[in-house]
Amino acid sequence: MSEENILVVPTGLFRQLGYFQGFCDRVADYAGELLAPEHVLFRPRSLMEQNPEFKQLIPYMIFCYTDDQGTVSVFNYVRGKGMGEKRLHSKRSIGIGGHLNDHDAETSQRPGHDVYHEGMFRELREEVILRSPWTQRCVGLINDDLTEVGRVHLGVVHRFDLQTPDMMANEEDLIESGFLPVSELLAMPEDSLESWTAISLAALFRA
């Protein structure tokens with residue numbers, strides 16, 4: 001089986017556009033340049049996982065449901081050992097998503113498609129079953145150079161607001177999955193959460 005070639009952008013480009021640590025809601029300052037065809041590269045995943053000269057661009061989809069009382073709940077799960085990034089196993093996550101690859105680039109040649117959204121919705125279909133109507137918007141980016149995983153990844157955060165909590169895991173390694181109120185997630189020990197989840201919860205939901 002051939003190795004996956006994943007989408008990366010030069011870390012130097014990210015720094016030129018404006019370095020930050022944590023969460024940044026200035027999406028327009030980054031998205032166009034990061035996804036410009038002249039900056040997008042596909043490289044073997046094994047070579048990129050330890051190479052901080054490149055950032056692996058990862059869609060990070062967060063699914064929210066607000067009930068009639070105004071309580072916001074978020075879909076979450078614990079990462080099982082079969083999931084790709086071993087360094088995040090057993091951590092709780094609110095993000096669905098993963099690497100974009102050169103196969104996404106091939107299918108994105110259809111009219112009205114682009115490699116980023118082609119890969120993002122492929123990841124959605126692979127990981128969850130979403131039956132509820134939804135709206136979606138890109139709300140920020142995550143950079144976490146304080147962790148080994150974060151140094152080689154850059155997250156693009158998308159918030160999905162669902163009309164109903166009709167959603168379930170489509171992979172067996174999304175353990176203990178379901179919706180929990182934001183208040184319960186914020187009360188969890190930070191070391192039980194993957195770093196992007198802790199960053200996103202604080203940025204999007206902590207008053």
# chains A, B, ... in the order shown; residues from 1 in each chain; ligands from 1
>>> select_by_dssp(residues="chain A", states="helix (DSSP H, G or I)", output="number ranges by chain")
A: 11-18, 27-29, 31-34, 45-48, 86-88, 102-107, 115-127, 150-152, 182-186, 190-192, 195-205
>>> residues_around(residues="Asn76 of chain A", least_positions_apart="4", cutoff="6 Å", atoms="only C-alpha atoms", output="JSON, numbers by chain")
{"A": [93, 94, 177, 178]}
>>> residues_around(residues="Val78 of chain A", least_positions_apart="5", cutoff="9 Å", atoms="only C-alpha atoms", output="list of chain:residue names")
A:His89, A:Ser90, A:Lys91, A:Arg92, A:Ser93, A:Ile94, A:Asp173, A:Leu174, A:Ile175, A:Glu176, A:Ser177, A:Leu193
>>> residues_around(residues="segment 137-151 of chain A", least_positions_apart="2", cutoff="8 Å", atoms="only C-alpha atoms", output="PyMOL selection string")
chain A and resi 20-27+49+52+55+87+135+153-160+195-196+199-200
>>> atom_distance(atom1="atom CA of Ala187 of chain A", atom2="atom CA of Gln69 of chain A")
20.3 Å
>>> atom_distance(atom1="atom CA of Leu35 of chain A", atom2="atom CA of Leu7 of chain A")
9.9 Å
>>> select_by_dssp(residues="segment 20-174 of chain A", states="strand (DSSP E)", output="count of residues only")
57
>>> residues_around(residues="Tyr116 of chain A", least_positions_apart="4", cutoff="8 Å", atoms="only C-alpha atoms", output="list in words")
Leu35, Leu100, Asp104 and Met120 of chain A
>>> write_last_selection(atoms="N, CA and C atoms", output="PDB file, in the first residue's frame")
ATOM      1  N   LEU A  35      -4.242  28.677   1.372  1.00  0.00           N
ATOM      2  CA  LEU A  35      -4.813  27.728   0.405  1.00  0.00           C
ATOM      3  C   LEU A  35      -4.555  28.121  -1.042  1.00  0.00           C
ATOM      4  N   LEU A 100      -5.809  16.262   4.844  1.00  0.00           N
ATOM      5  CA  LEU A 100      -6.203  16.344   3.440  1.00  0.00           C
ATOM      6  C   LEU A 100      -5.105  15.685   2.620  1.00  0.00           C
ATOM      7  N   ASP A 104      -7.844  13.919  -2.536  1.00  0.00           N
ATOM      8  CA  ASP A 104      -8.790  15.028  -2.479  1.00  0.00           C
ATOM      9  C   ASP A 104      -8.514  16.015  -3.610  1.00  0.00           C
ATOM     10  N   MET A 120     -12.377  18.091   3.597  1.00  0.00           N
ATOM     11  CA  MET A 120     -13.101  18.306   4.840  1.00  0.00           C
ATOM     12  C   MET A 120     -14.373  17.467   4.890  1.00  0.00           C
TER      13      MET A 120
END
>>> atom_distance(atom1="atom CA of Cys64 of chain A", atom2="atom CA of His117 of chain A")
19.6 Å
>>> residues_around(residues="Leu201 of chain A", least_positions_apart="4", cutoff="8 Å", atoms="only C-alpha atoms", output="MDAnalysis selection string")
chainID A and resid 182 185:186 197 205:206
>>> closest_residue(among="A:Thr11, A:Gln16, A:Gln50, A:Thr164", to="Phe75 of chain A", atoms="only C-alpha atoms")
A:Thr164
>>> residues_around(residues="Trp134 of chain A", least_positions_apart="6", cutoff="8 Å", atoms="only C-alpha atoms", output="list of chain:residue names")
A:Phe160, A:Asp161, A:Leu162, A:Gln163
